[in-house]
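Student: Could you have a look at this structure, given as structure tokens, before my questions?
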Amino acid sequence: MDSALIPKGVKRCPIGQFALFIAVVGAVLLWGVVAMLLIYIKGLNQTNMNNAYGFALWIWADLAVIALGGGAFFTGLLRYIIGKDELKNIINYAVLIGFVCYSSALLILAIDVGQPLRAWFIFWHANVHSMLTEVAFCLTCYFGVLTIEYVPLVLENRQVDKVPFFHHLSHNMHGIMAIFAATGAFLSFFHQGSLGGVSGVLFGRPFGFRTGINIWPWTFFLYTWSAAACGPCFTIFITRITEMVTRKKLVKDNVIDLLAKIAGWMLLTYIIAKIIDTVYWATVTAPAMGFTLMDFYSNNPGSVYGIWILIAEVGICGLLPAVMLVSSGIRRNPTLLFIAVTLAAIGACLNRWVMVLQTQAVPVLSFEEWFTYMPSWQEIATTILPVAYGIIMIALSYRYLPIFPQERELNPIEGGK
Amino acid sequence: MDQQKNKKYGMVIDLDKCTGCGSCMVACMAENNVPFREDDTDKLLSVSWMQVYRLSNGKAFPQTEECYLPRPCQQCEGHHGHSPCVSVCPATATDYDMHTGIVSQIYTRCFGCRYCMAACPYHVRQFNWWDPVWPTGMERSLNPDVSVRMRGVVEKCSFCFSRYQTSMNKAFLEGRRELEEHEYQTACTQACPAGAIIFGDLNNPKHAVHKLAQPDLAHEGKPRNPKAFRLLERLGTNTKVYYLSNREWVRKAGDNEVKKA
């Protein structure tokens with residue numbers, strides 16, 4: 001039924017099967033939309049946030065998807081600016097994942113504010129000293145860049161490409177893509193960093209606060225670095241998941257290997273920097289504010305924030321995948337590679353989790369207790385909503401757009417064109 | 001503008017006098033149209049600009065001692081007005097006033113991102129999770145000088161700023177530019193039956209707050225009175241609310257300290 005829309009020379013599942021898949025994921029999406037409407041109509045009292053937990057699941061989700069979407073800017077930088085030509089075979093997918101991640105972040109932000117109709121105040125009454133202002137400006141601009149990077153892909157759809165104007169537009173946009181890749185990398189450096197600064201500048205919150213250079217806390221640089229390391233890992237992770245679902249090889253091993261190797265070195269250098277930062281914070285910054293390291297990791301209900309979380313983030317989901325990825329033997333084993341990129345992606349999410357949630361949970365006044373928080377179903381549904389949206393976007397793009405340039409070569413159709 | 005040469009309104013709260021009666025909280029709510037709900041038992045969801053904490057020395061009877069600590073907004077100055085909350089607000093909905101040292105909140109500009117709440121270690125910033133619903137007839141008893149707030153915005157203690165404006169208007173009409181100490185007093189100060197809350201200009205040597213706290217202006221207002229302390233002094237928030245106590249354990253409870261091995 002939709003064969004005229006499917007790229008030439010590739011095979012796709014029957015439309016009925018595809019429609020059923022979209023319907024199932026669409027039901028999840030609808031659940032999220034219902035929760036979103038409830039929040040818009042009734043307000044943020046639909047969440048389990050409170051005056052101690054002003055930042056919670058949504059802010060974590062924002063920070064996490066932006067870190068994971070970092071594969072777009074970093075792969076673009078490697079492909080267009082540094083000249084790693086092999087990455088042209090995965091850049092489309094990196095852009096698509098980035099587009100999904102960033103549009104999700106904007107959606108969550110739009111739900112998260114108490115007065116959504118005033119959200120534009122962040123641009124109109126901008127406070128240039130606020131990290132959130134920088135995030136809002138750079139994130140919005142970068143989303144524009146990602147849209148520009150994604151549009152040529154849409155224009156390459158078989159039917160759209162038949163229109164001469166769209167054909168030429170797509171061709172010309174590809175021609176100047178290096179400019180947008182450079183712009184994207186520039187913008188990403190700042191908004192990824194600013195997201196790191198969101199907790200890093202909070203000198204009233206000793207768990208999140210970091211010293212730094214001039215106005216930038218160390219977390220500013222660490223966030224950009226970790227996004228550049230873990231973003232490509234997430235791109236590989238989603239590529240592998242897509243290959244599993246479609247039961248096809250979509251990207252050649254040498255491409256994945258190159259990206260994994262670069263991500264591994266980025267991750268290794270990041271984690272060394274992160275360890276140095278943690279040691280300095282634990283031995284100098286926090287004690288100057290009256291806290292020992294274990295004040296942040298003990299005496300909390302159920303040890304939700306026990307020292308295990310630091311070990312999990314830095315060791316199991318940081319150092320371990322970094323070593324796995326830089327070792328060519330391990331990296332070239334598909335199963336171990338998948339484990340490594342999964343751990344790296346979890347590590348980035350864990351880092352964002354503690355910097356948002358644990359920063360709020362730690363009691364600062366000596367006569368207060370730890371604050372606990374469990375998200376409401378509305379918060380969970382609206383956080384899953386972007387995941388469902390992402391799956392649908394990827395499914396549609398995969399079905400109708402030439403996302404993977406090597407797919408035809410890797411999966412020749414007998415007698416087909 | 002130099003904060004040290006202007007007014008710097010602040011508070012001194014004598015914790016040895018405070019009985020924890022809660023009059024300050026009630027007066028604050030009435031003065032500032034602070035919203036409340038039918039069931040306001042979850043204190044993490046309710047709004048109270050002034051909150052009274054109960055502190056304990058943690059010792060068993062008969063050494064048990066308790067102390068009540070009223071906590072208004074600490075009106076942090078930080079370094080040169082760089083208070084924790086003001087610097088982070090993305091929409092400039094909160095401001096540090098160099099003329100008075102008061103941290104303001106513009107309710108109609110706040111869009112409810114709650115970054116300021118995440119930044120404030122004192123939990124003085126509270127969110128309107130619901131629209132205010134006043135019991136029938138109560139709308140008529142609301143303070144006309146203080147705007148009521150809507151759902152989805154952050155609010156906090158303003159040192160009863162509307163009273164400052166009213167007093168300044170009166171002074172201007174009388175051809176004055178300066179206020180007497182008694183002309184601008186917060187609702188909690190006036191309501192405290194024990195006289196535990198004292199309010200005034202910390203920069204004015206004639207004001208009681210200055211005499212009690214003895215702020216060292218050369219060192220970001222650190223109290224020279226050995227019985228006085230500020231909450232979380234080590235963070236560099238440079239607050240304008242000073243607490244007094246003769247009891248050492250109370251003074252120590254004001255900040256965190258790394259115990260030496």
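As shown in the structure tokens, the chain order sets the letters A, B, ...; within each chain, residues go from 1, and ligands are also counted from 1 in the order they appear.
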Please identify all polymer residues within 7 Å of range 35-48 of chain B, counting only C-alpha atoms, omitting same-chain residues fewer than 2 positions from it, and present them as a VMD selection string.
Tutor: (chain A and resid 50 to 52) or (chain B and resid 33 50 to 51 126 132)
Student: I need the residues from that last selection saved to file as a PDB file, in the first residue's frame (with N, CA and C atoms), if you can.
Tutor:
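File produced: out_4.pdb:
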ATOM      1  N   ASN A  50       7.653  18.725  45.381  1.00  0.00           N
ATOM      2  CA  ASN A  50       7.230  19.558  46.514  1.00  0.00           C
ATOM      3  C   ASN A  50       8.222  20.704  46.686  1.00  0.00           C
ATOM      4  N   ASN A  51       8.059  21.450  47.759  1.00  0.00           N
ATOM      5  CA  ASN A  51       8.905  22.635  47.921  1.00  0.00           C
ATOM      6  C   ASN A  51      10.378  22.295  48.154  1.00  0.00           C
ATOM      7  N   ALA A  52      10.652  21.061  48.569  1.00  0.00           N
ATOM      8  CA  ALA A  52      12.045  20.650  48.726  1.00  0.00           C
ATOM      9  C   ALA A  52      12.569  20.045  47.430  1.00  0.00           C
TER      10      ALA A  52
ATOM     11  N   ASN B  33      -1.228  37.835  52.549  1.00  0.00           N
ATOM     12  CA  ASN B  33      -2.205  37.058  51.766  1.00  0.00           C
ATOM     13  C   ASN B  33      -1.637  35.703  51.348  1.00  0.00           C
ATOM     14  N   MET B  50       7.064  32.428  56.667  1.00  0.00           N
ATOM     15  CA  MET B  50       7.778  32.320  57.938  1.00  0.00           C
ATOM     16  C   MET B  50       7.493  30.918  58.467  1.00  0.00           C
ATOM     17  N   GLN B  51       8.536  30.178  58.749  1.00  0.00           N
ATOM     18  CA  GLN B  51       8.342  28.820  59.246  1.00  0.00           C
ATOM     19  C   GLN B  51       9.141  28.638  60.534  1.00  0.00           C
ATOM     20  N   GLN B 126       8.849  28.977  47.973  1.00  0.00           N
ATOM     21  CA  GLN B 126       7.806  27.954  47.916  1.00  0.00           C
ATOM     22  C   GLN B 126       6.914  28.175  46.707  1.00  0.00           C
ATOM     23  N   PRO B 132      -4.994  29.838  44.845  1.00  0.00           N
ATOM     24  CA  PRO B 132      -5.520  30.076  46.197  1.00  0.00           C
ATOM     25  C   PRO B 132      -7.047  30.028  46.213  1.00  0.00           C
TER      26      PRO B 132
END
Student: Could you make a table, as a tab-separated table, of the residues of chain B that have an atom within 7 Å of an atom of chain A, each with its nearest atom pair and distance in Å to one decimal, counting only C-alpha atoms, in chain and number order?
Tutor:
residue	atom	partner	partner_atom	distance
B:Leu44	CA	A:Asn51	CA	5.2
B:Leu45	CA	A:Asn50	CA	5.4
B:Leu55	CA	A:Phe367	CA	6.5
B:Pro84	CA	A:Gly204	CA	6.2
B:Ser87	CA	A:His129	CA	5.9
B:Val88	CA	A:Ser130	CA	4.4
B:Cys89	CA	A:Ser130	CA	6.0
B:Pro90	CA	A:Thr133	CA	4.9
B:Ala91	CA	A:Ile122	CA	4.8
B:Thr92	CA	A:Asn127	CA	5.2
B:Phe111	CA	A:Gln115	CA	4.8
B:Gly112	CA	A:Gly114	CA	4.2
B:Cys113	CA	A:Val113	CA	4.9
B:Arg114	CA	A:Gly54	CA	5.6
B:Met117	CA	A:Gly54	CA	6.0
B:Ala118	CA	A:Gly54	CA	5.9
B:Ala119	CA	A:Leu202	CA	5.4
B:Cys120	CA	A:Gly204	CA	6.0
B:Pro121	CA	A:Gly204	CA	5.1
B:Tyr122	CA	A:Leu365	CA	6.9
B:His123	CA	A:Ala52	CA	6.6
B:Gln126	CA	A:Asn51	CA	5.4
B:Phe127	CA	A:Asn51	CA	6.2
B:Trp129	CA	A:Asn45	CA	5.0
B:Trp130	CA	A:Asn45	CA	6.5
B:Gly152	CA	A:Gly114	CA	3.8
B:Val153	CA	A:Gly114	CA	6.1
B:Arg234	CA	A:Met289	CA	5.2
B:Leu235	CA	A:Met289	CA	5.5
B:Ala253	CA	A:Ser366	CA	5.8
B:Gly254	CA	A:Ser366	CA	6.8
B:Asp255	CA	A:Ser366	CA	6.3
B:Asn256	CA	A:Gly290	CA	4.6
B:Glu257	CA	A:Gly290	CA	4.3
B:Val258	CA	A:Gly290	CA	5.1
Student: Please, could you write that set of residues out with C-alpha atoms as a PDB file, in the first residue's frame?
Tutor:
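Output saved as selection_32.pdb:
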ATOM      1  CA  LEU B  44       6.309  20.428  51.865  1.00  0.00           C
ATOM      2  CA  LEU B  45       3.302  21.439  49.778  1.00  0.00           C
ATOM      3  CA  LEU B  55      15.512  21.969  67.146  1.00  0.00           C
ATOM      4  CA  PRO B  84      21.860  32.078  45.400  1.00  0.00           C
ATOM      5  CA  SER B  87      21.550  34.903  39.952  1.00  0.00           C
ATOM      6  CA  VAL B  88      19.824  31.746  38.697  1.00  0.00           C
ATOM      7  CA  CYS B  89      16.357  33.074  37.794  1.00  0.00           C
ATOM      8  CA  PRO B  90      16.244  32.892  33.972  1.00  0.00           C
ATOM      9  CA  ALA B  91      13.502  35.513  33.599  1.00  0.00           C
ATOM     10  CA  THR B  92      14.773  38.138  36.050  1.00  0.00           C
ATOM     11  CA  PHE B 111       6.931  31.377  35.002  1.00  0.00           C
ATOM     12  CA  GLY B 112       7.454  28.662  37.543  1.00  0.00           C
ATOM     13  CA  CYS B 113      10.696  26.959  36.502  1.00  0.00           C
ATOM     14  CA  ARG B 114      11.585  26.549  40.206  1.00  0.00           C
ATOM     15  CA  MET B 117      13.868  26.807  44.824  1.00  0.00           C
ATOM     16  CA  ALA B 118      16.597  24.402  43.823  1.00  0.00           C
ATOM     17  CA  ALA B 119      19.160  27.098  44.586  1.00  0.00           C
ATOM     18  CA  CYS B 120      17.914  28.143  48.030  1.00  0.00           C
ATOM     19  CA  PRO B 121      19.388  26.073  50.862  1.00  0.00           C
ATOM     20  CA  TYR B 122      16.886  27.512  53.373  1.00  0.00           C
ATOM     21  CA  HIS B 123      13.725  26.353  51.574  1.00  0.00           C
ATOM     22  CA  GLN B 126       7.806  27.954  47.916  1.00  0.00           C
ATOM     23  CA  PHE B 127       5.669  27.064  44.974  1.00  0.00           C
ATOM     24  CA  TRP B 129       0.981  24.089  43.560  1.00  0.00           C
ATOM     25  CA  TRP B 130      -2.686  25.189  43.581  1.00  0.00           C
ATOM     26  CA  GLY B 152       2.384  27.975  39.126  1.00  0.00           C
ATOM     27  CA  VAL B 153       4.593  30.707  40.549  1.00  0.00           C
ATOM     28  CA  ARG B 234      30.165  28.771  55.458  1.00  0.00           C
ATOM     29  CA  LEU B 235      28.240  28.766  52.186  1.00  0.00           C
ATOM     30  CA  ALA B 253      23.140  23.985  64.773  1.00  0.00           C
ATOM     31  CA  GLY B 254      23.236  27.031  62.529  1.00  0.00           C
ATOM     32  CA  ASP B 255      25.957  25.616  60.330  1.00  0.00           C
ATOM     33  CA  ASN B 256      27.613  22.380  59.287  1.00  0.00           C
ATOM     34  CA  GLU B 257      31.049  21.567  60.498  1.00  0.00           C
ATOM     35  CA  VAL B 258      33.514  18.898  59.500  1.00  0.00           C
TER      36      VAL B 258
END
Student: Work out how far CA of Ala388 in chain A is from CA of Cys230 in chain A, in Å to one decimal.
Tutor: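 Distance reported for this atom pair: 21.5 Å.
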Student: Near Met11 in chain B, counting only C-alpha atoms, which residues have an atom at most 8 Å away, once you skip same-chain residues fewer than 4 positions from it, shown as a list of chain:residue names?
Tutor: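 So the residues in contact are B:Ile197, B:Ile198, B:Phe199, B:Gly200, B:Val209, B:Lys240, B:Val241, B:Tyr242.
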Student: Store the residues picked out above in a file with C-alpha atoms, as a short mmCIF file (atom, residue, chain, number, x, y, z; two decimals), in the first residue's frame.
Tutor:
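Below is the file that was written, selection_15.cif:
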data_model
loop_
_atom_site.label_atom_id
_atom_site.label_comp_id
_atom_site.auth_asym_id
_atom_site.auth_seq_id
_atom_site.Cartn_x
_atom_site.Cartn_y
_atom_site.Cartn_z
CA ILE B 197 12.18 39.32 66.52
CA ILE B 198 13.89 42.65 66.01
CA PHE B 199 13.93 44.39 62.64
CA GLY B 200 15.75 47.40 61.24
CA VAL B 209 19.56 45.16 64.89
CA LYS B 240 20.64 39.42 56.76
CA VAL B 241 18.89 37.35 59.41
CA TYR B 242 20.95 36.96 62.57
#
Student: So which residues touch Lys5 in chain B within 12 Å, counting only C-alpha atoms, skipping near sequence neighbours fewer than 5 positions away, as a list of chain:residue names?
Tutor: B:Met98, B:His99, B:Thr100, B:Gly101, B:Asp201, B:Leu202, B:Asn203, B:Asn204, B:Leu217
Student: Please run DSSP on the backbone and report, as a ChimeraX atom specification, all residues within range 4-123 of chain B that come out as strand (DSSP E).
Tutor: /B:9-14,51-56,66-71,94-96,103-105
Student: Could those selected residues go to a file with N, CA and C atoms, as an mmCIF file, in the first residue's frame?
Tutor:
data_model
loop_
_atom_site.group_PDB
_atom_site.id
_atom_site.type_symbol
_atom_site.label_atom_id
_atom_site.label_comp_id
_atom_site.auth_asym_id
_atom_site.auth_seq_id
_atom_site.Cartn_x
_atom_site.Cartn_y
_atom_site.Cartn_z
ATOM 1 N N TYR B 9 18.247 46.302 55.268
ATOM 2 C CA TYR B 9 17.293 45.830 56.267
ATOM 3 C C TYR B 9 17.565 44.381 56.651
ATOM 4 N N GLY B 10 17.500 44.150 57.917
ATOM 5 C CA GLY B 10 17.781 42.804 58.407
ATOM 6 C C GLY B 10 17.051 42.523 59.707
ATOM 7 N N MET B 11 17.257 41.348 60.200
ATOM 8 C CA MET B 11 16.504 40.880 61.350
ATOM 9 C C MET B 11 17.441 40.221 62.355
ATOM 10 N N VAL B 12 17.111 40.371 63.600
ATOM 11 C CA VAL B 12 17.806 39.623 64.647
ATOM 12 C C VAL B 12 16.735 38.853 65.406
ATOM 13 N N ILE B 13 16.914 37.556 65.527
ATOM 14 C CA ILE B 13 15.914 36.734 66.214
ATOM 15 C C ILE B 13 16.569 36.087 67.431
ATOM 16 N N ASP B 14 16.059 36.443 68.586
ATOM 17 C CA ASP B 14 16.612 35.902 69.833
ATOM 18 C C ASP B 14 15.955 34.550 70.112
ATOM 19 N N GLN B 51 8.536 30.178 58.749
ATOM 20 C CA GLN B 51 8.342 28.820 59.246
ATOM 21 C C GLN B 51 9.141 28.638 60.534
ATOM 22 N N VAL B 52 8.505 28.021 61.517
ATOM 23 C CA VAL B 52 9.208 27.810 62.789
ATOM 24 C C VAL B 52 9.669 26.354 62.871
ATOM 25 N N TYR B 53 10.963 26.184 63.005
ATOM 26 C CA TYR B 53 11.546 24.843 63.144
ATOM 27 C C TYR B 53 11.717 24.520 64.630
ATOM 28 N N ARG B 54 11.617 23.233 64.945
ATOM 29 C CA ARG B 54 11.920 22.805 66.313
ATOM 30 C C ARG B 54 13.253 22.067 66.304
ATOM 31 N N LEU B 55 14.189 22.570 67.071
ATOM 32 C CA LEU B 55 15.512 21.969 67.146
ATOM 33 C C LEU B 55 15.668 21.264 68.485
ATOM 34 N N SER B 56 16.443 20.219 68.488
ATOM 35 C CA SER B 56 16.690 19.510 69.745
ATOM 36 C C SER B 56 18.187 19.283 69.904
ATOM 37 N N GLU B 66 15.258 21.979 73.924
ATOM 38 C CA GLU B 66 14.698 22.276 72.614
ATOM 39 C C GLU B 66 14.790 23.763 72.334
ATOM 40 N N CYS B 67 14.695 24.070 71.084
ATOM 41 C CA CYS B 67 14.785 25.472 70.682
ATOM 42 C C CYS B 67 13.904 25.666 69.455
ATOM 43 N N TYR B 68 13.193 26.757 69.406
ATOM 44 C CA TYR B 68 12.365 27.059 68.234
ATOM 45 C C TYR B 68 13.069 28.109 67.396
ATOM 46 N N LEU B 69 13.120 27.827 66.103
ATOM 47 C CA LEU B 69 13.875 28.713 65.210
ATOM 48 C C LEU B 69 12.966 29.235 64.088
ATOM 49 N N PRO B 70 12.516 30.475 64.194
ATOM 50 C CA PRO B 70 11.706 31.061 63.105
ATOM 51 C C PRO B 70 12.597 31.350 61.901
ATOM 52 N N ARG B 71 12.122 30.960 60.736
ATOM 53 C CA ARG B 71 12.939 31.116 59.526
ATOM 54 C C ARG B 71 12.203 31.890 58.431
ATOM 55 N N THR B 94 13.225 37.736 39.956
ATOM 56 C CA THR B 94 13.628 38.039 41.333
ATOM 57 C C THR B 94 14.851 38.936 41.249
ATOM 58 N N ASP B 95 14.947 39.854 42.204
ATOM 59 C CA ASP B 95 15.988 40.862 42.089
ATOM 60 C C ASP B 95 16.541 41.214 43.468
ATOM 61 N N TYR B 96 17.785 41.604 43.498
ATOM 62 C CA TYR B 96 18.377 42.064 44.747
ATOM 63 C C TYR B 96 18.371 43.580 44.727
ATOM 64 N N VAL B 103 15.519 40.940 48.797
ATOM 65 C CA VAL B 103 15.389 40.119 47.590
ATOM 66 C C VAL B 103 13.905 40.081 47.224
ATOM 67 N N SER B 104 13.601 40.583 46.046
ATOM 68 C CA SER B 104 12.193 40.704 45.643
ATOM 69 C C SER B 104 11.741 39.496 44.825
ATOM 70 N N GLN B 105 10.460 39.396 44.626
ATOM 71 C CA GLN B 105 9.919 38.353 43.748
ATOM 72 C C GLN B 105 8.785 38.974 42.931
#
Student: Neighbouring residues of Leu142 in chain B were defined as those with any atom within 9 Å, considering only C-alpha atoms; residues of the same chain fewer than 4 positions away were excluded. Please report them as a list in words.
Tutor: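 Surrounding residues, per the criterion: Ala30, Glu31, Asn32, Asn33, Met138, Val146 and Val148 of chain B.
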Student: With N, CA and C atoms kept, could you save the residues just selected as a PDB file, in the first residue's frame?
Tutor:
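To be explicit, this is the file written out as part_10.pdb:
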ATOM      1  N   ALA B  30      -1.452  36.495  57.335  1.00  0.00           N
ATOM      2  CA  ALA B  30      -2.526  37.488  57.230  1.00  0.00           C
ATOM      3  C   ALA B  30      -2.041  38.735  56.495  1.00  0.00           C
ATOM      4  N   GLU B  31      -0.828  39.154  56.812  1.00  0.00           N
ATOM      5  CA  GLU B  31      -0.294  40.383  56.216  1.00  0.00           C
ATOM      6  C   GLU B  31      -0.052  40.227  54.713  1.00  0.00           C
ATOM      7  N   ASN B  32       0.454  39.055  54.342  1.00  0.00           N
ATOM      8  CA  ASN B  32       0.915  38.885  52.965  1.00  0.00           C
ATOM      9  C   ASN B  32      -0.009  38.041  52.086  1.00  0.00           C
ATOM     10  N   ASN B  33      -1.228  37.835  52.549  1.00  0.00           N
ATOM     11  CA  ASN B  33      -2.205  37.058  51.766  1.00  0.00           C
ATOM     12  C   ASN B  33      -1.637  35.703  51.348  1.00  0.00           C
ATOM     13  N   MET B 138     -13.631  35.739  52.942  1.00  0.00           N
ATOM     14  CA  MET B 138     -12.276  36.118  53.346  1.00  0.00           C
ATOM     15  C   MET B 138     -11.593  37.043  52.343  1.00  0.00           C
ATOM     16  N   VAL B 146      -1.005  43.963  49.086  1.00  0.00           N
ATOM     17  CA  VAL B 146      -0.177  42.826  48.666  1.00  0.00           C
ATOM     18  C   VAL B 146      -0.949  42.015  47.621  1.00  0.00           C
ATOM     19  N   VAL B 148      -2.243  39.004  45.448  1.00  0.00           N
ATOM     20  CA  VAL B 148      -2.348  37.558  45.667  1.00  0.00           C
ATOM     21  C   VAL B 148      -1.672  36.856  44.491  1.00  0.00           C
TER      22      VAL B 148
END
Student: Hey, which bits of range 148-181 of chain A sit within 9 Å of range 402-416 of chain A, and for each residue what's the closest pair of atoms and how far apart in Å (one decimal), counting only C-alpha atoms, rows by chain and increasing number, as a tab-separated table?
Tutor:
residue	atom	partner	partner_atom	distance
A:Leu153	CA	A:Pro402	CA	7.2
A:Val154	CA	A:Pro402	CA	8.7
A:Glu156	CA	A:Pro402	CA	7.0
A:Asn157	CA	A:Pro402	CA	7.1
A:Arg158	CA	A:Pro402	CA	8.9
Student: Closest to Gln4 in chain B among B:Pro215, B:Pro62, B:Gly137, B:Gly195, using only C-alpha atoms?
Tutor: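 Looking at the shortest contact to Gln4 in chain B, the residue is B:Pro215.
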Student: Restricting the calculation to only C-alpha atoms: of A:Cys233, A:Leu258, A:Ile380, A:Cys101, which residue gets closest to Leu29 in chain A?
Tutor: A:Ile380
